[in-house]
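*Asks:* Mind looking over this structure? Questions follow.
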Amino acid sequence: MKILFIGSELNKYGGIQKYNRHLLKALEDLGHDVVSVEFKRLDLISKVFYSLKFLFKSLFFAPDFTICANINYSSLCYAAKKIFNRDYSVTLYGIQALDIKPLYRVFLESAKFINAPFEWTLHNAIKQMPSMKDKTTILPNPIIDEEFSIKNKPEYLLGRHKLGGAKIIYTISRLSSSERDNKGYCRVIEAMPLVLEKIPNAKYVLAGGGDDKPYVEDLISKKNLKNSVILAGPIEDKEMADYYNLADVFVFPSKVEGFPALVLLESLACGVPVIGGDQAGSDEYPWNGEVGLIVKADSVNDIALAIIKILTGDAPPKILDRNRLRKIILEINGREGYKKYLNNFIKFMSAE
């Protein structure tokens, strides 16, 4: 099958970009002919250039199907369907499905199907567009089994960040001022004084870049946490698994990210227990106390108590068993589990 893909720059850091990289590689591995149009800049001239490039590819590559990897580009897919009769799908993520604007509903309802990494996202979309109920499919975040595995704490990172002898709390997230409240990394910083009362050698490693860094640095200073919070900056792919293995607990108390976020899955594949926010889906297996702790995402106190439980070993032994955590998550999101969902995705593309 000839497939045209349109989305944001694939090599950028971010969960959405990684999700789409996995999808495209899986399709190529299955022998499909895939061509991508990636929006790499957002200024007006660039938008016009990439839009024309997409329409050009839609005409001359003549795809059997188009994958729209972001609702923001669905207008182009809608135009290509009207002009060239090209079927397309649209991928929805987290907060995009909370309040779908009327014009975007037109683009979505014209799609052959919509997909999302999370059931919760599709549930929100269907509430607003009941006609799409039978035109949705889940394609979850996959875990590449060999990419994330259990290792000892990497000595080079312990040295780089001066973490010898520390109990390490870890978050990786885009530091975004517009998503600060959703992602919850500032609430983890606010929880650190409570954690330090019980665990004086605790350190919080916050990885990721973005426009919210000045705010985060100011918060660290106000809380007198310069010796207890480390801003690691953006992480290269080759070091991702090492940073997870550095941690004693991974914390991501997001509100509407879509659950489970890819970072939670990657952490568990490395055998590191997780703390997540109480959003839709967090009460389902295995998130209901089997692989970590779910807290009130808005509660700094709850976040602190959960961190203390895990770092002191007061949490249920089963969520501190690294091999067990890895086994459970790979059964659901590993290579074999992902194939099942991918085959369903392809059936939707191929259906007459």
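Every chain in the structure tokens takes a letter, A first, then B, and so on in the order presented; its residues are numbered from 1, and the ligands are numbered from 1 following the presented order.
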Residues at most 9 Å from Asn227 of chain A, counting only C-alpha atoms, excluding those fewer than 3 positions away in the same chain, as a PyMOL selection string?
*Replies:* chain A and resi 203+224+230
*Asks:* Based on the selection just made, write C-alpha atoms of those residues as a PDB file, in the first residue's frame.
*Replies:*
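So the final result, stored in part-v5.pdb, reads:
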```
ATOM      1  CA  LYS A 203      17.155  14.278  44.538  1.00  0.00           C
ATOM      2  CA  ASN A 224      15.562  26.727  48.252  1.00  0.00           C
ATOM      3  CA  ILE A 230      18.636  18.929  38.892  1.00  0.00           C
TER       4      ILE A 230
END
```
*Asks:* Got a sec: who's within 10 Å of segment 272-278 of chain A, counting only C-alpha atoms, leaving out chain neighbours fewer than 5 positions off, as a PyMOL selection string?
*Replies:* chain A and resi 150+169-171+182-184+244-257+259-261+263-267+283+287+289-299+303+306-307+310+318-323+325-326
*Asks:* Between atom CA of Leu206 of chain A and atom CA of Gly233 of chain A, measure the distance and give it in Å to one decimal.
*Replies:*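 According to the coordinates, atom CA of Leu206 of chain A and atom CA of Gly233 of chain A are separated by 7.7 Å.
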*Asks:* Which polymer residues have any atom within 7 Å of an atom of segment 89-102 of chain A, counting only C-alpha atoms, with same-chain residues fewer than 3 positions away left out, as a list of chain:residue names?
*Replies:*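 Listing them by chain and then by number gives A:Thr66, A:Ile67, A:Cys68, A:Ala69, A:Asn70, A:Ile71, A:Ser74, A:Arg105, A:Val106, A:Leu108, A:Ala111, A:Lys112, A:Phe113, A:Ile114, A:Asn115, A:Ala116, A:Thr121, A:Asn124, A:Ala125, A:Val256, A:Glu257, A:Gly258.
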*Asks:* Could you save those same residues with N, CA and C atoms as a PDB file, in the first residue's frame?
*Replies:*
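Final output, saved to selection_29.pdb:
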```
ATOM      1  N   THR A  66      -3.842   8.284   3.302  1.00  0.00           N
ATOM      2  CA  THR A  66      -3.072   9.338   3.955  1.00  0.00           C
ATOM      3  C   THR A  66      -3.286   9.270   5.460  1.00  0.00           C
ATOM      4  N   ILE A  67      -2.172   9.293   6.208  1.00  0.00           N
ATOM      5  CA  ILE A  67      -2.233   9.335   7.669  1.00  0.00           C
ATOM      6  C   ILE A  67      -1.963  10.763   8.110  1.00  0.00           C
ATOM      7  N   CYS A  68      -2.957  11.382   8.722  1.00  0.00           N
ATOM      8  CA  CYS A  68      -2.801  12.731   9.270  1.00  0.00           C
ATOM      9  C   CYS A  68      -2.456  12.589  10.745  1.00  0.00           C
ATOM     10  N   ALA A  69      -1.233  12.929  11.090  1.00  0.00           N
ATOM     11  CA  ALA A  69      -0.730  12.652  12.438  1.00  0.00           C
ATOM     12  C   ALA A  69      -1.050  13.739  13.447  1.00  0.00           C
ATOM     13  N   ASN A  70      -1.841  14.723  13.035  1.00  0.00           N
ATOM     14  CA  ASN A  70      -2.203  15.790  13.958  1.00  0.00           C
ATOM     15  C   ASN A  70      -3.442  16.501  13.414  1.00  0.00           C
ATOM     16  N   ILE A  71      -4.403  16.743  14.281  1.00  0.00           N
ATOM     17  CA  ILE A  71      -5.651  17.389  13.858  1.00  0.00           C
ATOM     18  C   ILE A  71      -5.397  18.741  13.184  1.00  0.00           C
ATOM     19  N   SER A  74      -5.467  18.415   9.480  1.00  0.00           N
ATOM     20  CA  SER A  74      -6.605  17.689   8.893  1.00  0.00           C
ATOM     21  C   SER A  74      -7.291  18.481   7.783  1.00  0.00           C
ATOM     22  N   ARG A 105     -14.425  19.329  13.413  1.00  0.00           N
ATOM     23  CA  ARG A 105     -15.366  18.198  13.403  1.00  0.00           C
ATOM     24  C   ARG A 105     -15.709  17.819  11.963  1.00  0.00           C
ATOM     25  N   VAL A 106     -15.825  18.810  11.093  1.00  0.00           N
ATOM     26  CA  VAL A 106     -16.092  18.539   9.677  1.00  0.00           C
ATOM     27  C   VAL A 106     -14.951  17.710   9.087  1.00  0.00           C
ATOM     28  N   LEU A 108     -12.795  15.804  10.708  1.00  0.00           N
ATOM     29  CA  LEU A 108     -12.751  14.481  11.319  1.00  0.00           C
ATOM     30  C   LEU A 108     -13.852  13.577  10.773  1.00  0.00           C
ATOM     31  N   ALA A 111     -13.047  11.972   7.579  1.00  0.00           N
ATOM     32  CA  ALA A 111     -11.967  10.974   7.606  1.00  0.00           C
ATOM     33  C   ALA A 111     -12.540   9.561   7.550  1.00  0.00           C
ATOM     34  N   LYS A 112     -11.749   8.639   7.024  1.00  0.00           N
ATOM     35  CA  LYS A 112     -12.178   7.241   6.989  1.00  0.00           C
ATOM     36  C   LYS A 112     -12.268   6.686   8.407  1.00  0.00           C
ATOM     37  N   PHE A 113     -11.335   7.103   9.258  1.00  0.00           N
ATOM     38  CA  PHE A 113     -11.405   6.765  10.677  1.00  0.00           C
ATOM     39  C   PHE A 113     -10.503   7.702  11.462  1.00  0.00           C
ATOM     40  N   ILE A 114     -10.713   7.737  12.761  1.00  0.00           N
ATOM     41  CA  ILE A 114      -9.795   8.453  13.648  1.00  0.00           C
ATOM     42  C   ILE A 114      -9.202   7.446  14.619  1.00  0.00           C
ATOM     43  N   ASN A 115      -7.972   7.689  15.019  1.00  0.00           N
ATOM     44  CA  ASN A 115      -7.319   6.798  15.974  1.00  0.00           C
ATOM     45  C   ASN A 115      -6.658   7.618  17.067  1.00  0.00           C
ATOM     46  N   ALA A 116      -6.314   6.965  18.150  1.00  0.00           N
ATOM     47  CA  ALA A 116      -5.677   7.629  19.287  1.00  0.00           C
ATOM     48  C   ALA A 116      -4.895   6.598  20.081  1.00  0.00           C
ATOM     49  N   THR A 121      -9.255   9.313  25.020  1.00  0.00           N
ATOM     50  CA  THR A 121      -9.261  10.341  23.978  1.00  0.00           C
ATOM     51  C   THR A 121     -10.409  10.101  22.995  1.00  0.00           C
ATOM     52  N   ASN A 124     -13.854  10.929  24.491  1.00  0.00           N
ATOM     53  CA  ASN A 124     -14.170  12.361  24.460  1.00  0.00           C
ATOM     54  C   ASN A 124     -14.575  12.815  23.056  1.00  0.00           C
ATOM     55  N   ALA A 125     -13.919  12.266  22.046  1.00  0.00           N
ATOM     56  CA  ALA A 125     -14.246  12.638  20.675  1.00  0.00           C
ATOM     57  C   ALA A 125     -15.642  12.147  20.292  1.00  0.00           C
ATOM     58  N   VAL A 256      -4.410  15.671  31.957  1.00  0.00           N
ATOM     59  CA  VAL A 256      -5.147  15.330  30.740  1.00  0.00           C
ATOM     60  C   VAL A 256      -4.193  14.944  29.610  1.00  0.00           C
ATOM     61  N   GLU A 257      -3.082  14.349  29.958  1.00  0.00           N
ATOM     62  CA  GLU A 257      -2.086  13.968  28.960  1.00  0.00           C
ATOM     63  C   GLU A 257      -2.589  12.844  28.070  1.00  0.00           C
ATOM     64  N   GLY A 258      -3.519  12.079  28.567  1.00  0.00           N
ATOM     65  CA  GLY A 258      -3.864  10.805  27.956  1.00  0.00           C
ATOM     66  C   GLY A 258      -3.106   9.739  28.724  1.00  0.00           C
TER      67      GLY A 258
END
```
*Asks:* Between A:Leu122, A:Tyr78, A:Phe56, A:Asn141, single out the one closest to Lys339 of chain A, counting only C-alpha atoms.
*Replies:* A:Asn141
*Asks:* Any idea what the distance is between atom CA of Pro142 of chain A and atom CA of Tyr338 of chain A?
*Replies:*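 Value for the atom CA of Pro142 of chain A-atom CA of Tyr338 of chain A distance: 5.8 Å.
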*Asks:* So how far away is atom CA of Lys135 of chain A from atom CA of Phe348 of chain A, in Å?
*Replies:*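 Between atom CA of Phe348 of chain A and atom CA of Lys135 of chain A the gap works out to 8.4 Å.
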*Asks:* Tell me, as a list in words, which residues lie within 7 Å of His32 of chain A, counting only C-alpha atoms; anything in the same chain fewer than 2 positions away does not count.
*Replies:*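 Counting only C-alpha atoms, the residues come to Met1, Lys2, Leu27, Glu28, Leu30 and Val34 of chain A.
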*Asks:* For the selection just defined, write its residues with N, CA and C atoms to a file, as a tab-separated table (two decimals), in the first residue's frame.
*Replies:*
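Below you can see selection30.tsv, which holds the result:
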```
chain	number	residue	atom	x	y	z
A	1	MET	N	0.84	-1.19	0.00
A	1	MET	CA	0.00	0.00	0.00
A	1	MET	C	0.88	1.25	0.00
A	2	LYS	N	0.50	2.24	-0.81
A	2	LYS	CA	1.21	3.54	-0.83
A	2	LYS	C	0.56	4.45	0.22
A	27	LEU	N	5.11	0.29	9.68
A	27	LEU	CA	4.50	0.19	8.36
A	27	LEU	C	5.54	-0.13	7.28
A	28	GLU	N	6.70	0.50	7.38
A	28	GLU	CA	7.78	0.22	6.42
A	28	GLU	C	8.27	-1.21	6.56
A	30	LEU	N	6.60	-3.69	7.33
A	30	LEU	CA	5.59	-4.57	6.75
A	30	LEU	C	5.56	-4.47	5.22
A	34	VAL	N	5.99	4.23	2.11
A	34	VAL	CA	5.58	5.38	2.93
A	34	VAL	C	6.39	6.62	2.54
```
*Asks:* Hey, which of A:Phe84, A:Phe5, A:Lys127, A:Glu217 ends up closest to Leu23 of chain A? Count only C-alpha atoms.
*Replies:*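 Ranking A:Phe84, A:Phe5, A:Lys127, A:Glu217 by distance to Leu23 of chain A, first place goes to A:Phe5.
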*Asks:* Determine which residues of segment 9-46 of chain A receive a DSSP assignment of helix (DSSP H, G or I), computed from the backbone, and state them as a PyMOL selection string.
*Replies:* chain A and resi 15-29+44-46
